[in-house]
Structure formats: structure tokens, C-alpha cells
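Enquirer: Quick one: structure below, then a few questions.
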Amino acid sequence: MLQNMKGAIFDLDGVIVDTAKYHYLAWASLADELGFTFTEEDNERLKGVSRMRSLDILLEVGGLQFEEAEKLAMAEKKNRLYVEYISKLEESELLPGVKEYLTGLRTRGIGIALGSASKNAEFILNKLNITDLFDAVVDGNKVSLAKPHPEVFLIAGQELGLQPDECVVFEDAEAGVQAGKAAGMKVVGIGKPEVLKEADMVVKGLYELLTD
């Protein structure tokens, strides 16, 4: 599967870098302002979920309801907090094996794309100093349908000029694995096999795929 692929499409959070902790800090700060505690356990429910849906879950936890305009202002505030945190990101925060694996793919002439719901994806890639390793970046600014819908991966495959069966997706979330499969692509799960059951193979991180 990995030997024959012509394109590799990577999710961002949990695959390239762990920005989940910064999302959590920003959401927890918002909850604190609203007068309740948002725990790391609560935060698990936000994995792979859009910003507005994440806010709905957070307000559900706090037992609060707001008008749409107020919710949009809260989502913006959360994003400003998050951007403040990630503005301090640096290359040392790349997950183990990422740069080596991407560089190896480039050497083999394999197309590399990012397929992420994040609207801050390009900003993050720049902070990590790896933008030039990607041939295409498809993020939350280019798609309207959230995973498990396959839109993000289908567009990434098109931008690489490849058919779905020529691409392999690298994902850490169950919804992302489902999106990759729905796109007609093979999927490498990054994480726990019991969670990523639908993936074609599962590894703990990209470092496990490095060859000597």
C-alpha cells in the first residue's frame, strides 16, 4: 500500500503536530469566563469536530444557551486565544518522525497534501517551517463539509492530480479515517488500533514508518 501510493494526504492535528492542547486551553479559558469548568475529559468530545459544533458541546457542558450572534462572537474569541497560543509554535513541536517521513516521500517523488478542517493550517505549517514540503494545502477555508464527509480528501487528491485509489490518507481521528475510506482511499491510522478500527493499518506515529 505505502510502496504503491502516488499521493500522501495528511491530517494536521495529532499527525503532524499536537495542537489539541492549545485548542483545549482556549476552550477552557472561554468556559472559565462563562463561569464553569471544562475538563480534558469533556474536551475529548471535540476531537475532529468543527468550531461551531465544538462551541455547542462546550455550552451543553455548562448548561448555557445563547443567540447565534453571541455564539459567533464566542467562537471568534476562542480562535483569537488559540492563535495567540500557536503563534509561539516552533519546529521542535513537530511530532516524532514527521519531517524525516515527509522528506523521504519528496525524495521518492510522491505528492504530498494536507487535508485538515483547521482554518489556521497554513499559519501552523509556516510556524513549523514545513510549508515547502507540501504540494497542496486543503484546509477549513477550502471546504464546507466536515469529516466524516470525504470532501477534504477528494479535493486534496484532485489538487495533486491523482485518483482516489492512488492516494493514502494519514489520520488520527475516527471521523477522519471514515472520511478517507469514503473518499475511496487507503488509510493509515495514527494512534490506537481499537479506536481506528476501519483503518487499513495503524501505527503509533510516522516515526514507525521510517526505513533505514
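For the C-alpha cells, the naming scheme is as follows: chains receive sequential letters (A, B, ...) according to their order of presentation, residues are indexed from 1 within each chain, and ligands are indexed from 1 in presentation order.
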Skip A:Leu210 itself and residues of its chain fewer than 6 positions away, then list as a CSV table (one decimal) with all heavy atoms, in the first residue's frame all residues within 8 Å of it, counting only C-alpha atoms.
Expert:
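Result file out04.csv:
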chain,number,residue,atom,x,y,z
A,97,GLY,N,9.4,12.0,13.8
A,97,GLY,CA,9.5,11.3,12.5
A,97,GLY,C,8.8,12.1,11.4
A,97,GLY,O,8.9,11.7,10.2
A,100,GLU,N,11.2,13.8,8.8
A,100,GLU,CA,12.0,12.8,8.1
A,100,GLU,C,11.1,12.0,7.1
A,100,GLU,O,11.5,11.7,6.0
A,100,GLU,CB,12.6,11.8,9.1
A,100,GLU,CG,13.6,12.4,10.0
A,100,GLU,CD,13.0,13.1,11.3
A,100,GLU,OE1,11.8,13.3,11.3
A,100,GLU,OE2,13.8,13.3,12.2
A,101,TYR,N,9.9,11.7,7.5
A,101,TYR,CA,9.0,11.0,6.7
A,101,TYR,C,8.5,11.8,5.4
A,101,TYR,O,8.6,11.3,4.3
A,101,TYR,CB,7.7,10.5,7.4
A,101,TYR,CG,6.9,9.5,6.7
A,101,TYR,CD1,7.4,8.2,6.3
A,101,TYR,CD2,5.6,9.8,6.3
A,101,TYR,CE1,6.7,7.3,5.6
A,101,TYR,CE2,4.9,8.9,5.5
A,101,TYR,CZ,5.4,7.7,5.2
A,101,TYR,OH,4.6,6.7,4.5
Enquirer: Identify, on the basis of only C-alpha atoms, every residue whose closest approach to A:Gly184 does not exceed 9 Å; exclude the query and any residue fewer than 3 positions from it along the same chain; express the result as a VMD selection string.
Expert: chain A and resid 150 154 164 to 165 167 179 to 181
Enquirer: So that I can see what lies close to A:Lys197, please list as a list in words the residues with an atom at most 12 Å from it, counting only C-alpha atoms and leaving out residues fewer than 2 positions away in the same chain.
Expert: Asp172, Ala173, Glu174, Ala175, Gly176, Val177, Gln178, Lys181, Val187, Val188, Gly189, Ile190, Gly191, Lys192, Pro193, Glu194, Val195, Ala199, Asp200, Met201, Val202 and Val203 of chain A
Enquirer: With distances taken over only C-alpha atoms, which of A:Tyr82, A:Phe170, A:Tyr207, A:Tyr22 is nearest to A:Gly104?
Expert: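 Nearest to A:Gly104: A:Tyr207.
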Enquirer: Here is a test: counting only C-alpha atoms, which residue of A:Asn120, A:Val61, A:Leu95, A:Phe36 is nearest to A:Glu208?
Expert: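 Ranking A:Asn120, A:Val61, A:Leu95, A:Phe36 by distance to A:Glu208, first place goes to A:Leu95.
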Enquirer: Would you pick out the contacts of A:Glu90 at 10 Å or less, using only C-alpha atoms, so that residues sharing its chain but fewer than 2 positions from it are not included, and give the list as an mmCIF file with N, CA, C and O atoms, in the first residue's frame?
Expert:
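Generated output (around-v2.cif):
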data_model
loop_
_atom_site.group_PDB
_atom_site.id
_atom_site.type_symbol
_atom_site.label_atom_id
_atom_site.label_comp_id
_atom_site.auth_asym_id
_atom_site.auth_seq_id
_atom_site.Cartn_x
_atom_site.Cartn_y
_atom_site.Cartn_z
ATOM 1 N N ILE A 86 -0.749 29.356 19.413
ATOM 2 C CA ILE A 86 0.020 28.707 18.344
ATOM 3 C C ILE A 86 1.021 29.659 17.691
ATOM 4 O O ILE A 86 1.912 29.209 16.970
ATOM 5 N N SER A 87 0.910 30.956 17.962
ATOM 6 C CA SER A 87 1.886 31.892 17.405
ATOM 7 C C SER A 87 3.270 31.646 17.998
ATOM 8 O O SER A 87 4.272 32.102 17.476
ATOM 9 N N LYS A 88 3.302 30.887 19.090
ATOM 10 C CA LYS A 88 4.581 30.568 19.735
ATOM 11 C C LYS A 88 5.117 29.201 19.287
ATOM 12 O O LYS A 88 6.138 28.733 19.768
ATOM 13 N N SER A 92 10.443 22.489 16.777
ATOM 14 C CA SER A 92 10.695 21.441 17.777
ATOM 15 C C SER A 92 9.403 20.734 18.214
ATOM 16 O O SER A 92 9.443 19.667 18.810
ATOM 17 N N GLU A 93 8.239 21.335 17.906
ATOM 18 C CA GLU A 93 6.961 20.728 18.308
ATOM 19 C C GLU A 93 6.380 19.784 17.257
ATOM 20 O O GLU A 93 5.310 19.218 17.456
ATOM 21 N N LEU A 94 7.094 19.616 16.138
ATOM 22 C CA LEU A 94 6.683 18.588 15.169
ATOM 23 C C LEU A 94 6.681 17.239 15.876
ATOM 24 O O LEU A 94 7.560 16.956 16.692
ATOM 25 N N ILE A 124 0.057 27.473 10.744
ATOM 26 C CA ILE A 124 0.763 26.466 11.550
ATOM 27 C C ILE A 124 1.929 25.857 10.765
ATOM 28 O O ILE A 124 3.034 25.715 11.296
ATOM 29 N N LEU A 125 1.706 25.524 9.500
ATOM 30 C CA LEU A 125 2.786 24.955 8.669
ATOM 31 C C LEU A 125 3.957 25.923 8.568
ATOM 32 O O LEU A 125 5.117 25.522 8.611
ATOM 33 N N ASN A 126 3.641 27.211 8.446
ATOM 34 C CA ASN A 126 4.702 28.233 8.384
ATOM 35 C C ASN A 126 5.490 28.290 9.690
ATOM 36 O O ASN A 126 6.719 28.369 9.679
ATOM 37 N N LYS A 127 4.759 28.241 10.822
ATOM 38 C CA LYS A 127 5.426 28.290 12.130
ATOM 39 C C LYS A 127 6.343 27.076 12.322
ATOM 40 O O LYS A 127 7.385 27.161 12.958
ATOM 41 N N LEU A 128 5.928 25.934 11.752
ATOM 42 C CA LEU A 128 6.701 24.691 11.889
ATOM 43 C C LEU A 128 7.809 24.582 10.835
ATOM 44 O O LEU A 128 8.587 23.635 10.842
ATOM 45 N N ASN A 129 7.811 25.538 9.903
ATOM 46 C CA ASN A 129 8.846 25.590 8.874
ATOM 47 C C ASN A 129 8.807 24.395 7.914
ATOM 48 O O ASN A 129 9.849 23.884 7.499
#
Enquirer: Residues of stretch 90-190 of chain A in helix (DSSP H, G or I) according to DSSP, as a VMD selection string?
Expert: chain A and resid 91 to 93 98 to 107 121 to 128 131 to 133 151 to 159 164 to 166 174 to 182
Enquirer: Determine which residues of stretch 1-210 of chain A DSSP labels as strand (DSSP E or B) from the backbone of this structure, then write them out as a list in words.
Expert: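 Going through stretch 1-210 of chain A, the strand (DSSP E or B) residues come out as Gly7, Ala8, Ile9, Phe10, Asp13, Val17, Leu94, Gly111, Ile112, Ala113, Leu114, Gly115, Ala136, Val137, Val138, Cys167, Val168, Val169, Phe170, Glu171, Lys186, Val187, Val188, Gly189, Ile190, Met201, Val202 and Val203 of chain A.
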Enquirer: Could those residues be written to a file, using N, CA and C atoms, as a compact mmCIF listing (two decimals), in the first residue's frame?
Expert:
# COMPACT_ATOMS: atom_id res chain seq x y z
N GLY A 7 0.26 9.52 -3.93
CA GLY A 7 -0.02 10.72 -3.15
C GLY A 7 -0.26 10.37 -1.69
N ALA A 8 0.23 11.23 -0.79
CA ALA A 8 0.03 11.06 0.65
C ALA A 8 -0.68 12.31 1.17
N ILE A 9 -1.80 12.09 1.86
CA ILE A 9 -2.60 13.22 2.37
C ILE A 9 -2.65 13.13 3.89
N PHE A 10 -2.19 14.19 4.54
CA PHE A 10 -2.05 14.18 6.00
C PHE A 10 -3.05 15.10 6.69
N ASP A 13 -3.70 18.10 13.04
CA ASP A 13 -3.68 17.87 14.49
C ASP A 13 -3.53 16.40 14.81
N VAL A 17 1.47 17.64 14.11
CA VAL A 17 1.78 18.39 15.34
C VAL A 17 0.62 18.22 16.31
N LEU A 94 7.09 19.62 16.14
CA LEU A 94 6.68 18.59 15.17
C LEU A 94 6.68 17.24 15.88
N GLY A 111 3.45 12.83 -4.26
CA GLY A 111 2.75 14.08 -3.99
C GLY A 111 2.32 14.14 -2.53
N ILE A 112 2.45 15.31 -1.92
CA ILE A 112 2.12 15.46 -0.50
C ILE A 112 1.08 16.57 -0.34
N ALA A 113 -0.02 16.25 0.35
CA ALA A 113 -1.06 17.26 0.59
C ALA A 113 -1.46 17.25 2.06
N LEU A 114 -1.98 18.38 2.51
CA LEU A 114 -2.58 18.46 3.84
C LEU A 114 -4.09 18.45 3.64
N GLY A 115 -4.80 17.69 4.48
CA GLY A 115 -6.26 17.66 4.43
C GLY A 115 -6.79 17.85 5.84
N ALA A 136 0.13 20.65 -1.88
CA ALA A 136 -1.23 21.20 -1.80
C ALA A 136 -1.64 21.29 -0.33
N VAL A 137 -2.38 22.35 -0.01
CA VAL A 137 -2.92 22.51 1.35
C VAL A 137 -4.42 22.74 1.22
N VAL A 138 -5.19 21.77 1.69
CA VAL A 138 -6.65 21.89 1.68
C VAL A 138 -7.10 21.97 3.14
N CYS A 167 -4.05 7.41 -3.71
CA CYS A 167 -3.71 8.19 -2.51
C CYS A 167 -3.87 7.40 -1.22
N VAL A 168 -3.03 7.75 -0.24
CA VAL A 168 -3.14 7.19 1.11
C VAL A 168 -3.32 8.36 2.08
N VAL A 169 -4.29 8.22 2.97
CA VAL A 169 -4.60 9.23 3.98
C VAL A 169 -3.95 8.84 5.32
N PHE A 170 -3.43 9.82 6.04
CA PHE A 170 -2.84 9.60 7.37
C PHE A 170 -3.67 10.39 8.38
N GLU A 171 -4.34 9.68 9.28
CA GLU A 171 -5.34 10.28 10.16
C GLU A 171 -5.26 9.75 11.59
N LYS A 186 -6.91 4.50 0.67
CA LYS A 186 -6.38 3.68 1.77
C LYS A 186 -6.07 4.62 2.93
N VAL A 187 -6.14 4.10 4.15
CA VAL A 187 -5.92 4.96 5.32
C VAL A 187 -4.95 4.33 6.32
N VAL A 188 -3.96 5.13 6.72
CA VAL A 188 -3.07 4.76 7.82
C VAL A 188 -3.57 5.51 9.06
N GLY A 189 -3.95 4.75 10.09
CA GLY A 189 -4.38 5.36 11.34
C GLY A 189 -3.18 5.66 12.21
N ILE A 190 -3.18 6.83 12.85
CA ILE A 190 -2.11 7.20 13.78
C ILE A 190 -2.72 7.21 15.17
N MET A 201 -4.18 0.17 8.15
CA MET A 201 -3.11 -0.19 9.08
C MET A 201 -3.04 0.92 10.13
N VAL A 202 -2.50 0.58 11.30
CA VAL A 202 -2.40 1.57 12.38
C VAL A 202 -0.99 1.57 12.95
N VAL A 203 -0.43 2.78 13.12
CA VAL A 203 0.88 2.93 13.75
C VAL A 203 0.76 3.98 14.87
Enquirer: Under the rule that only C-alpha atoms are counted, which of A:Phe134, A:Glu84, A:Phe123, A:Leu55 is the nearest residue to A:Leu72?
Expert: A:Leu55
Enquirer: If we count only C-alpha atoms, what is near A:Asp42 at a cut-off of 12 Å, once residues fewer than 5 positions away on the same chain are taken out, given as a ChimeraX atom specification?
Expert: /A:24,27-28,31,37,47,54-55,57-62
Enquirer: Given the selection you just returned, output its residues as a file containing N, CA and C atoms, formatted as a short mmCIF file (atom, residue, chain, number, x, y, z; two decimals), in the first residue's frame.
Expert:
data_model
loop_
_atom_site.label_atom_id
_atom_site.label_comp_id
_atom_site.auth_asym_id
_atom_site.auth_seq_id
_atom_site.Cartn_x
_atom_site.Cartn_y
_atom_site.Cartn_z
N TYR A 24 -7.60 23.02 23.60
CA TYR A 24 -8.18 22.79 24.92
C TYR A 24 -8.00 24.00 25.84
N TRP A 27 -10.45 26.72 24.77
CA TRP A 27 -11.84 26.41 25.15
C TRP A 27 -12.02 26.50 26.67
N ALA A 28 -11.04 25.99 27.42
CA ALA A 28 -11.13 26.01 28.89
C ALA A 28 -11.17 27.45 29.41
N ALA A 31 -14.65 28.81 28.80
CA ALA A 31 -15.58 28.25 29.80
C ALA A 31 -15.40 28.94 31.15
N THR A 37 -16.35 24.93 34.61
CA THR A 37 -15.10 24.23 34.32
C THR A 37 -15.29 23.28 33.15
N LYS A 47 -12.96 16.26 19.54
CA LYS A 47 -11.96 15.77 18.58
C LYS A 47 -12.56 15.60 17.18
N SER A 54 -18.18 22.48 18.24
CA SER A 54 -17.41 22.40 19.49
C SER A 54 -17.96 23.36 20.53
N LEU A 55 -18.31 24.57 20.08
CA LEU A 55 -18.88 25.57 20.99
C LEU A 55 -20.22 25.08 21.55
N ILE A 57 -21.12 22.02 22.06
CA ILE A 57 -20.83 20.99 23.07
C ILE A 57 -20.36 21.63 24.37
N LEU A 58 -19.48 22.64 24.25
CA LEU A 58 -18.99 23.34 25.43
C LEU A 58 -20.14 23.98 26.21
N LEU A 59 -21.06 24.65 25.50
CA LEU A 59 -22.20 25.30 26.16
C LEU A 59 -23.15 24.28 26.77
N GLU A 60 -23.25 23.12 26.12
CA GLU A 60 -24.04 22.00 26.64
C GLU A 60 -23.49 21.56 28.00
N VAL A 61 -22.15 21.45 28.06
CA VAL A 61 -21.47 21.06 29.31
C VAL A 61 -21.77 22.08 30.41
N GLY A 62 -21.79 23.37 30.03
CA GLY A 62 -22.05 24.42 31.02
C GLY A 62 -23.53 24.66 31.28
#
Enquirer: Which one is closest to A:Phe66: A:Lys119, A:Leu105, A:Leu34, A:Leu133? Count only C-alpha atoms.
Expert: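 Using only C-alpha atoms, A:Phe66 sits closest to A:Leu34.
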Enquirer: When distances are computed from only C-alpha atoms, which of A:Ala182, A:Val49, A:Leu30, A:Leu89 shows the smallest separation from A:Ala73?
Expert: A:Leu30
Enquirer: Looking at A:Leu25, A:Met52, A:Phe153, A:Met1, which one is nearest to A:Thr39, with distances taken over only C-alpha atoms?
Expert: A:Leu25
Enquirer: Which value, in Å to one decimal, gives the distance between atom CA of A:Lys6 and atom CA of A:Val98?
Expert: 18.2 Å
